[in-house]
Structure formats: structure tokens, C-alpha cells
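Read through the structure below, which is laid out as C-alpha cells, and then see the notes.
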Amino acid sequence: MDKIIIEGGRQLHGEVRISGAKNAALPLMAATLLCPGKHILHNVPDLRDTRTMLNLLEILGAKWEKVGETTLHINSDEVDKFEASYDLVKTMRASVLVLGPLLARLGRARVSLPGGCAIGARPIDFHMQGLKKLGVSLTLQQGYVEGAAEDGLQGGTVYFDVPSVTGTENILMAAVLARGTTIIKNAAREPEIGNLINMLTDMGGRIEGRGTDKLTIHGVQKLKAVEATIIPDRIETGTYLIAVGAAGGDMTLTHCNPSHLPSLIEKLRTVGLEIEEGDTAIRVKRVGPLTSVDIKTMPYPGFPTDLQAQIMTLMTFSKGLSVIHESIFENRFMHVAELRRMGADIRVDGGRAVVNGLGKLMGAPVMATDLRASASLVVAGLAAEGTTEISRVYHLDRGYDDLVGKLKGVGAEIRREKE
Ligand code: EPU
């Protein structure tokens, strides 16, 4: 297993190119299962999760080819299998995204039920209740959800108690080919869902309400393969913005979409960073000491839970108290114990963490149990005094395209070694 070693205290100067969004690439790749033909996806990030999804598509009968650095050709003519095994789902929960498209195309799906994970219980009951509303009969057999819609799917009204990102995506993909109209109430509004809706619309789907919490889908009989482009990764963008806040420097991120980060940018300005937003680029500069802020994670356009760990690291470099309230996942504070090992003063009380910013951290050997917690430790290592060694790097490989290369390019002293 590899580890990442960082000599902290180097400022970050220069330019970083942002990759395509993991959480948009995964549903768009799953959407290629919906109809036969050659689908072309551009700006696909090179990640362990996108490779896992390609593996799954191949098992289901699709063929694919990488063209150039970031373009994928996916041919779904021969998709005839309908099972996502436990082996795949346990390495990537987003494998459940094939449930909707397989039911829509083949009328059958068998997908392993994901267990709990490092950030919480994360059930898929909303996905299942929604699919039932669309006429799918679902049973649980030996840890697998088995779905069947022998007479095809029928539109219905789906209401989510809490907006679910992949839940909304699964129902959207099922409903585009259902008979009649489906309404999703309290739908998630993340930009990645807008990306999927654009692709489904180009394929011939009829969807109203993009960007709102009420989506109306008029089912169609046939879809066609299309060319689609993955939106920039807002969480990767946010992670680099926060890294400059912690380590200092002046960095420009290109090929990104700052309008997808309204809450983070507002908070970073309050913290005291100078930020210049363009349409497809953003410049961040640290100009002085950091002010502490309070954060509450919320569904989009609120503060993303996927940046909670990183902003907590930033708060350890401020002077003062910051209350960080995690309202999406019940167990997403696994980074706290590691940050404490680097000298942070953080107390956790239920879903809230109180950070007493001491203005500094010290390097230490650390490890993390999930992707974004690992990213928060990289941010910590970049700004800490001395050496930080981060093990279990495979978490970072799931979601950050060329993290070490990109950080080296802006002056970080960072390297990857075999453990
Ligand atoms: N929930 C349920 N039942 C369900 C579905 C969700 O109770 O059937 C609850 C969850 O436990 C959570 C809340 O609803 O409390 C919202 O979860 P959501 O379904 O939106 O999460 P997700 O779709 O499983 C996606 C991202 C996550 C991101 C969350 C929240 C993908 C592939 N994953 O997960 O990304 O944290 O939305 O924004 O899009 C990551 O990239 O590191 C990551 C974990």
C-alpha cells in the first residue's frame, strides 16, 4: 500500500487544472446503460471510482474504449446482464446507480445492498421506495435487492423525506423510459444532477424543473446514444481553495465552475481570503491571519458535506472558536482523531465539532477512513510544521485525479512512496 509524505510549510503558487467531477461522471456513465448505441463522454476524471464503474459496465455487457486523456467511448449495444455484485458495491456504493437504468432498459436488476460505511449508515431505502412508486416489485434476497418490472415502468409521484443525490439520479434514470409522468418532490438540486438531466434530455428524455426541488419527467419510449461532457469537480476545486487558505500562497484554478461553490466562497471570504471569480477560473490568495467561522453542512446550495473535513482543517489554522455542524451524515468526523494527533484542539458533541483554532498543526503519521477525511489530512500536512505521512492513500485515489502531481506543480513538497 502506498503512502503520501508531505514536508509542510511551503506556500502554494501557480495554476491547477480542475478535472471532471467524480459525482457527475458516475451517474452519466450509468446512464449509458439506458439505450443501445455508442455514447461519448468527455472530461472523465481518471479515478479509482470511474475505473470501478467501467468495470461494472463491462460486466453488464457494455464495451468501452478510452480515447485521449479524458474521453470515453461506451458502447451499450449488448447490455444484457443485470447484476451488480457485492464485491463491486462494497468498494463503491455508487454502483447502486445502475439500478434505475437496468430496470428501465431490461425490466430487471439485482444489486447488492450496500452496508454501512465510514461516514454513516447510508441506507438506500429512498431509492427503493421511489422505484416501488414506479411499479417495480422489489425483494431482498441474500443481501441483494432484486427488482423486476415485467410490464415496464409506470410513472408515479416520488417524495424524498430528505433530498438524496443518487436517489434522485436513480429515479430520474428509471422514469425517463416509464409510461406516463413521474414527479419527484423534494429532489436534490446538486449541479451533478443538472449534468445528468442535460444528458438525459439530449438522449430524448423529457424532463422539467432542472435546478429545482420538483422534477417532472414525461416518459418516452426510446432514447438515443449521445455525446456529453462531465462538469468540473466542485469538491476538488473547493479542496484546493481551502489548501491555499491553510498553507498560504496565491493560486488560480482553471477549467472549473466557481458558480457551483456559492457557500464555500462566501465562507472563505469571511475567513479572510482574497478570491476573484471568473466564469471558468478562480483565484485565491491568502493575505493575512484567518478568522474563524461557523459551518453547517446542507444539501446544495448549502455548504457541502464533502468539504466539511477540509474546512475543519482550515479552522485549526485560524485563531478562535468555530462550530462545525454536520447535518447530512451522522458519523462524518473520523478525521477529528487524526487532526488531534497533529495538535488540533477539537471537541465533538453529537453532530457538532467545536474547533479551538490554535493557528498551527504539527506533522505526524496519520491515516483516514474515507475519501474526504483523507483530503483534509493532505490539507493539514501541507500547512503543518514538519513531516506528515498519510497512509491508506487508496481513499484519495477514489476521488482526486493526480493529487500529488497537481500539488507538486504549485510548489508543495509532496511525494508518494510504497509502504
Ligand atoms: N439517505 C437515506 N436513505 C436513502 C438515501 C439517503 O436515509 O435511501 C440519507 C443519507 O443517509 C444522508 C442523506 O439522506 O443522510 C443524503 O444522502 P444522499 O443520498 O444525498 O447521498 P448519496 O447520494 O449516497 C452523494 C455523493 C456523496 C455526498 C452525498 C451528499 C455520489 C456518488 N455521492 O451520496 O459523495 O457526500 O451525495 O452530498 O454522488 C464523496 O464524494 O466523498 C461522497 C461521499
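Residue numbers start at 1 in each chain; chains themselves are named A, B, ... in the order of the C-alpha cells; ligands are numbered from 1 in the order shown.
Within the 9 Å cut-off around Val287 (chain A), using only C-alpha atoms and omitting residues fewer than 5 positions from it on the same chain, the listed residues are Gly248, Gly249, Gly272, Leu273 and Glu274 of chain A.
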Protein and nucleic acid residues within 9 Å of ligand 1 (only C-alpha atoms and all ligand atoms) as a PyMOL selection string: chain A and resi 22-27+92-95+97+119-129+160-169+188+190+192-193+235+298-300+304-307+327-330+370-373+398-399
Saved selection, atoms kept: N, CA and C atoms, as a short mmCIF file (atom, residue, chain, number, x, y, z; two decimals), in the first residue's frame:
data_model
loop_
_atom_site.label_atom_id
_atom_site.label_comp_id
_atom_site.auth_asym_id
_atom_site.auth_seq_id
_atom_site.Cartn_x
_atom_site.Cartn_y
_atom_site.Cartn_z
N LYS A 22 -16.14 13.59 -10.15
CA LYS A 22 -16.42 12.18 -9.86
C LYS A 22 -17.93 11.93 -9.77
N ASN A 23 -18.61 12.78 -8.97
CA ASN A 23 -20.02 12.50 -8.68
C ASN A 23 -20.95 12.88 -9.83
N ALA A 24 -20.39 13.44 -10.92
CA ALA A 24 -21.18 13.60 -12.15
C ALA A 24 -20.81 12.48 -13.12
N ALA A 25 -19.51 12.13 -13.17
CA ALA A 25 -19.08 11.08 -14.09
C ALA A 25 -19.81 9.76 -13.80
N LEU A 26 -19.97 9.43 -12.51
CA LEU A 26 -20.56 8.11 -12.17
C LEU A 26 -22.00 7.98 -12.66
N PRO A 27 -22.91 8.95 -12.37
CA PRO A 27 -24.27 8.80 -12.93
C PRO A 27 -24.32 8.90 -14.46
N MET A 92 -17.49 0.45 -3.97
CA MET A 92 -18.05 1.73 -4.42
C MET A 92 -19.56 1.71 -4.32
N ARG A 93 -20.09 2.46 -3.34
CA ARG A 93 -21.54 2.49 -3.11
C ARG A 93 -22.29 2.99 -4.33
N ALA A 94 -21.65 3.91 -5.08
CA ALA A 94 -22.33 4.50 -6.24
C ALA A 94 -22.67 3.46 -7.31
N SER A 95 -22.22 2.20 -7.12
CA SER A 95 -22.64 1.12 -8.02
C SER A 95 -24.17 1.00 -8.04
N LEU A 97 -26.15 3.08 -8.66
CA LEU A 97 -26.68 3.92 -9.75
C LEU A 97 -27.10 3.12 -10.98
N ILE A 119 -18.72 6.85 6.83
CA ILE A 119 -19.31 8.15 7.18
C ILE A 119 -20.73 8.04 7.70
N GLY A 120 -21.27 6.82 7.77
CA GLY A 120 -22.61 6.68 8.32
C GLY A 120 -23.29 5.43 7.81
N ALA A 121 -24.57 5.26 8.19
CA ALA A 121 -25.30 4.05 7.81
C ALA A 121 -25.62 4.04 6.32
N ARG A 122 -25.96 5.18 5.77
CA ARG A 122 -26.22 5.38 4.34
C ARG A 122 -27.12 4.31 3.71
N PRO A 123 -28.36 4.24 4.14
CA PRO A 123 -29.27 3.26 3.54
C PRO A 123 -29.65 3.67 2.11
N ILE A 124 -30.34 2.75 1.39
CA ILE A 124 -30.86 3.13 0.05
C ILE A 124 -32.38 2.97 0.02
N ASP A 125 -32.99 3.14 1.21
CA ASP A 125 -34.45 2.97 1.27
C ASP A 125 -35.21 3.97 0.40
N PHE A 126 -34.69 5.20 0.23
CA PHE A 126 -35.40 6.18 -0.62
C PHE A 126 -35.41 5.70 -2.07
N HIS A 127 -34.27 5.13 -2.51
CA HIS A 127 -34.20 4.63 -3.90
C HIS A 127 -35.28 3.55 -4.08
N MET A 128 -35.36 2.67 -3.08
CA MET A 128 -36.26 1.52 -3.20
C MET A 128 -37.72 1.96 -3.15
N GLN A 129 -38.04 2.86 -2.20
CA GLN A 129 -39.43 3.35 -2.12
C GLN A 129 -39.82 4.05 -3.41
N PHE A 160 -39.12 12.53 -1.47
CA PHE A 160 -37.99 12.18 -0.59
C PHE A 160 -38.11 12.92 0.74
N ASP A 161 -38.01 12.19 1.85
CA ASP A 161 -38.01 12.84 3.17
C ASP A 161 -36.86 13.84 3.27
N VAL A 162 -35.72 13.42 2.73
CA VAL A 162 -34.51 14.26 2.71
C VAL A 162 -34.03 14.19 1.26
N PRO A 163 -33.58 15.31 0.68
CA PRO A 163 -33.12 15.22 -0.71
C PRO A 163 -31.93 14.27 -0.83
N SER A 164 -32.06 13.28 -1.68
CA SER A 164 -30.97 12.31 -1.86
C SER A 164 -30.39 12.47 -3.26
N VAL A 165 -29.07 12.62 -3.34
CA VAL A 165 -28.41 12.87 -4.64
C VAL A 165 -28.54 11.65 -5.55
N THR A 166 -27.98 10.51 -5.13
CA THR A 166 -28.05 9.34 -6.02
C THR A 166 -29.48 8.79 -6.09
N GLY A 167 -30.29 9.03 -5.04
CA GLY A 167 -31.70 8.63 -5.09
C GLY A 167 -32.41 9.37 -6.22
N THR A 168 -32.22 10.68 -6.29
CA THR A 168 -32.83 11.49 -7.35
C THR A 168 -32.33 10.99 -8.72
N GLU A 169 -31.03 10.70 -8.80
CA GLU A 169 -30.46 10.26 -10.09
C GLU A 169 -31.04 8.91 -10.52
N ALA A 188 -33.07 16.35 -4.91
CA ALA A 188 -31.79 17.03 -4.66
C ALA A 188 -31.51 17.97 -5.83
N GLU A 190 -28.23 19.27 -6.59
CA GLU A 190 -26.79 19.37 -6.83
C GLU A 190 -26.51 19.57 -8.33
N GLU A 192 -24.47 18.21 -10.17
CA GLU A 192 -24.22 16.93 -10.86
C GLU A 192 -25.55 16.37 -11.40
N ILE A 193 -26.65 16.67 -10.71
CA ILE A 193 -27.97 16.22 -11.18
C ILE A 193 -28.35 17.00 -12.44
N ILE A 235 -15.86 19.75 -5.69
CA ILE A 235 -15.24 19.37 -4.41
C ILE A 235 -13.72 19.40 -4.55
N MET A 298 -25.27 21.32 4.46
CA MET A 298 -26.66 21.27 3.99
C MET A 298 -26.67 20.77 2.56
N PRO A 299 -27.83 20.27 2.08
CA PRO A 299 -27.91 19.94 0.66
C PRO A 299 -27.64 21.20 -0.19
N TYR A 300 -27.22 21.03 -1.44
CA TYR A 300 -26.95 22.15 -2.34
C TYR A 300 -28.17 23.06 -2.42
N PRO A 304 -21.34 22.07 1.30
CA PRO A 304 -21.28 20.63 1.00
C PRO A 304 -20.63 19.81 2.12
N THR A 305 -21.28 18.71 2.48
CA THR A 305 -20.69 17.78 3.44
C THR A 305 -19.34 17.27 2.94
N ASP A 306 -19.16 17.20 1.62
CA ASP A 306 -17.90 16.69 1.06
C ASP A 306 -16.73 17.67 1.25
N LEU A 307 -17.00 18.88 1.81
CA LEU A 307 -15.91 19.81 2.12
C LEU A 307 -15.82 20.08 3.63
N SER A 327 -24.80 18.00 9.20
CA SER A 327 -26.23 17.65 9.27
C SER A 327 -26.63 16.59 8.24
N ILE A 328 -25.68 16.15 7.38
CA ILE A 328 -26.05 15.17 6.34
C ILE A 328 -25.73 13.75 6.79
N PHE A 329 -24.50 13.52 7.26
CA PHE A 329 -24.11 12.17 7.66
C PHE A 329 -23.79 12.15 9.16
N GLU A 330 -24.22 11.09 9.83
CA GLU A 330 -24.15 11.08 11.30
C GLU A 330 -22.76 10.74 11.84
N ASP A 370 -11.91 7.56 5.01
CA ASP A 370 -12.72 7.84 3.82
C ASP A 370 -12.03 8.92 2.99
N LEU A 371 -12.62 9.11 1.81
CA LEU A 371 -12.01 9.99 0.81
C LEU A 371 -11.80 11.43 1.30
N ARG A 372 -12.87 12.07 1.77
CA ARG A 372 -12.74 13.49 2.11
C ARG A 372 -11.95 13.70 3.41
N ALA A 373 -12.02 12.71 4.32
CA ALA A 373 -11.19 12.79 5.53
C ALA A 373 -9.72 12.75 5.12
N ARG A 398 -9.61 7.29 -5.05
CA ARG A 398 -11.02 7.16 -5.45
C ARG A 398 -11.55 8.45 -6.03
N GLY A 399 -11.03 9.59 -5.55
CA GLY A 399 -11.72 10.84 -5.91
C GLY A 399 -10.87 12.03 -6.30
#
Counting only C-alpha atoms, the option among A:Gly219, A:Gly381, A:Gly180, A:Pro301 closest to Ile414 (chain A): A:Gly381
Among the residues A:Gln154, A:Thr32, A:Thr316, A:Asn170, the one that comes closest to Asn75 (chain A) [using only C-alpha atoms]: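 So, comparing all the options, the nearest one is A:Thr32.
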Residues near region 77-80 of chain A, cut-off 9 Å, only C-alpha atoms, skip fewer than 4 positions along chain, as a PyMOL selection string: chain A and resi 33+35-38+57-63+106
Take the residues from that selection and put them in a file with N, CA and C atoms, as a short mmCIF file (atom, residue, chain, number, x, y, z; two decimals), in the first residue's frame.
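Saved result, result-v2.cif, follows:
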data_model
loop_
_atom_site.label_atom_id
_atom_site.label_comp_id
_atom_site.auth_asym_id
_atom_site.auth_seq_id
_atom_site.Cartn_x
_atom_site.Cartn_y
_atom_site.Cartn_z
N LEU A 33 -26.21 3.00 -19.89
CA LEU A 33 -26.87 1.68 -19.92
C LEU A 33 -28.29 1.78 -20.47
N CYS A 35 -29.76 2.91 -23.17
CA CYS A 35 -30.16 2.56 -24.54
C CYS A 35 -28.93 2.10 -25.32
N PRO A 36 -29.15 1.30 -26.37
CA PRO A 36 -28.02 0.85 -27.18
C PRO A 36 -27.38 2.02 -27.93
N GLY A 37 -26.18 1.81 -28.44
CA GLY A 37 -25.51 2.82 -29.24
C GLY A 37 -24.16 3.18 -28.64
N LYS A 38 -23.44 4.07 -29.35
CA LYS A 38 -22.12 4.49 -28.87
C LYS A 38 -22.24 5.85 -28.17
N LEU A 57 -19.79 -1.61 -15.85
CA LEU A 57 -20.48 -1.51 -17.15
C LEU A 57 -20.08 -2.68 -18.05
N GLU A 58 -18.79 -3.03 -17.98
CA GLU A 58 -18.29 -4.13 -18.81
C GLU A 58 -18.93 -5.46 -18.39
N ILE A 59 -19.04 -5.67 -17.08
CA ILE A 59 -19.69 -6.89 -16.57
C ILE A 59 -21.14 -6.97 -17.05
N LEU A 60 -21.77 -5.80 -17.18
CA LEU A 60 -23.18 -5.78 -17.61
C LEU A 60 -23.32 -5.96 -19.12
N GLY A 61 -22.19 -5.94 -19.84
CA GLY A 61 -22.23 -6.22 -21.27
C GLY A 61 -21.79 -5.07 -22.17
N ALA A 62 -21.45 -3.92 -21.56
CA ALA A 62 -21.02 -2.77 -22.37
C ALA A 62 -19.55 -2.95 -22.78
N LYS A 63 -19.17 -2.26 -23.86
CA LYS A 63 -17.77 -2.25 -24.26
C LYS A 63 -17.31 -0.80 -24.22
N LEU A 106 -33.95 -3.20 -19.05
CA LEU A 106 -34.13 -4.65 -19.11
C LEU A 106 -35.33 -5.14 -18.30
#
Those in region 93-291 of chain A with alpha helix (DSSP H) from DSSP, as JSON, numbers by chain: {"A": [99, 100, 101, 102, 103, 104, 105, 106, 125, 126, 127, 128, 129, 130, 131, 132, 133, 165, 166, 167, 168, 169, 170, 171, 172, 173, 174, 175, 191, 192, 193, 194, 195, 196, 197, 198, 199, 200, 201, 202, 234, 235, 236, 237, 238, 239, 240, 241, 242, 243, 244, 245, 246, 247, 262, 263, 264, 265, 266, 267, 268, 269, 270, 271]}
Residue nearest Leu314 (chain A) - candidates A:Glu277, A:Asp2, A:Asp294, A:Glu326, atoms counted: only C-alpha atoms: A:Asp294
Which of A:Pro114, A:Gly245, A:Gly20, A:Gly205 sits closest to Ile217 (chain A) [using only C-alpha atoms]: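 Looking at the shortest contact to Ile217 (chain A), the residue is A:Gly205.
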Strand (DSSP E or B) positions in region 36-199 of chain A, given as a ChimeraX atom specification: /A:38-42,63-67,71-75,83-84,108-112,117,120,137-141,144-148,154,157-159,179,181-185
For CA of Leu153 (chain A) and CA of Leu172 (chain A), the interatomic separation in Å (one decimal): 12.1 Å
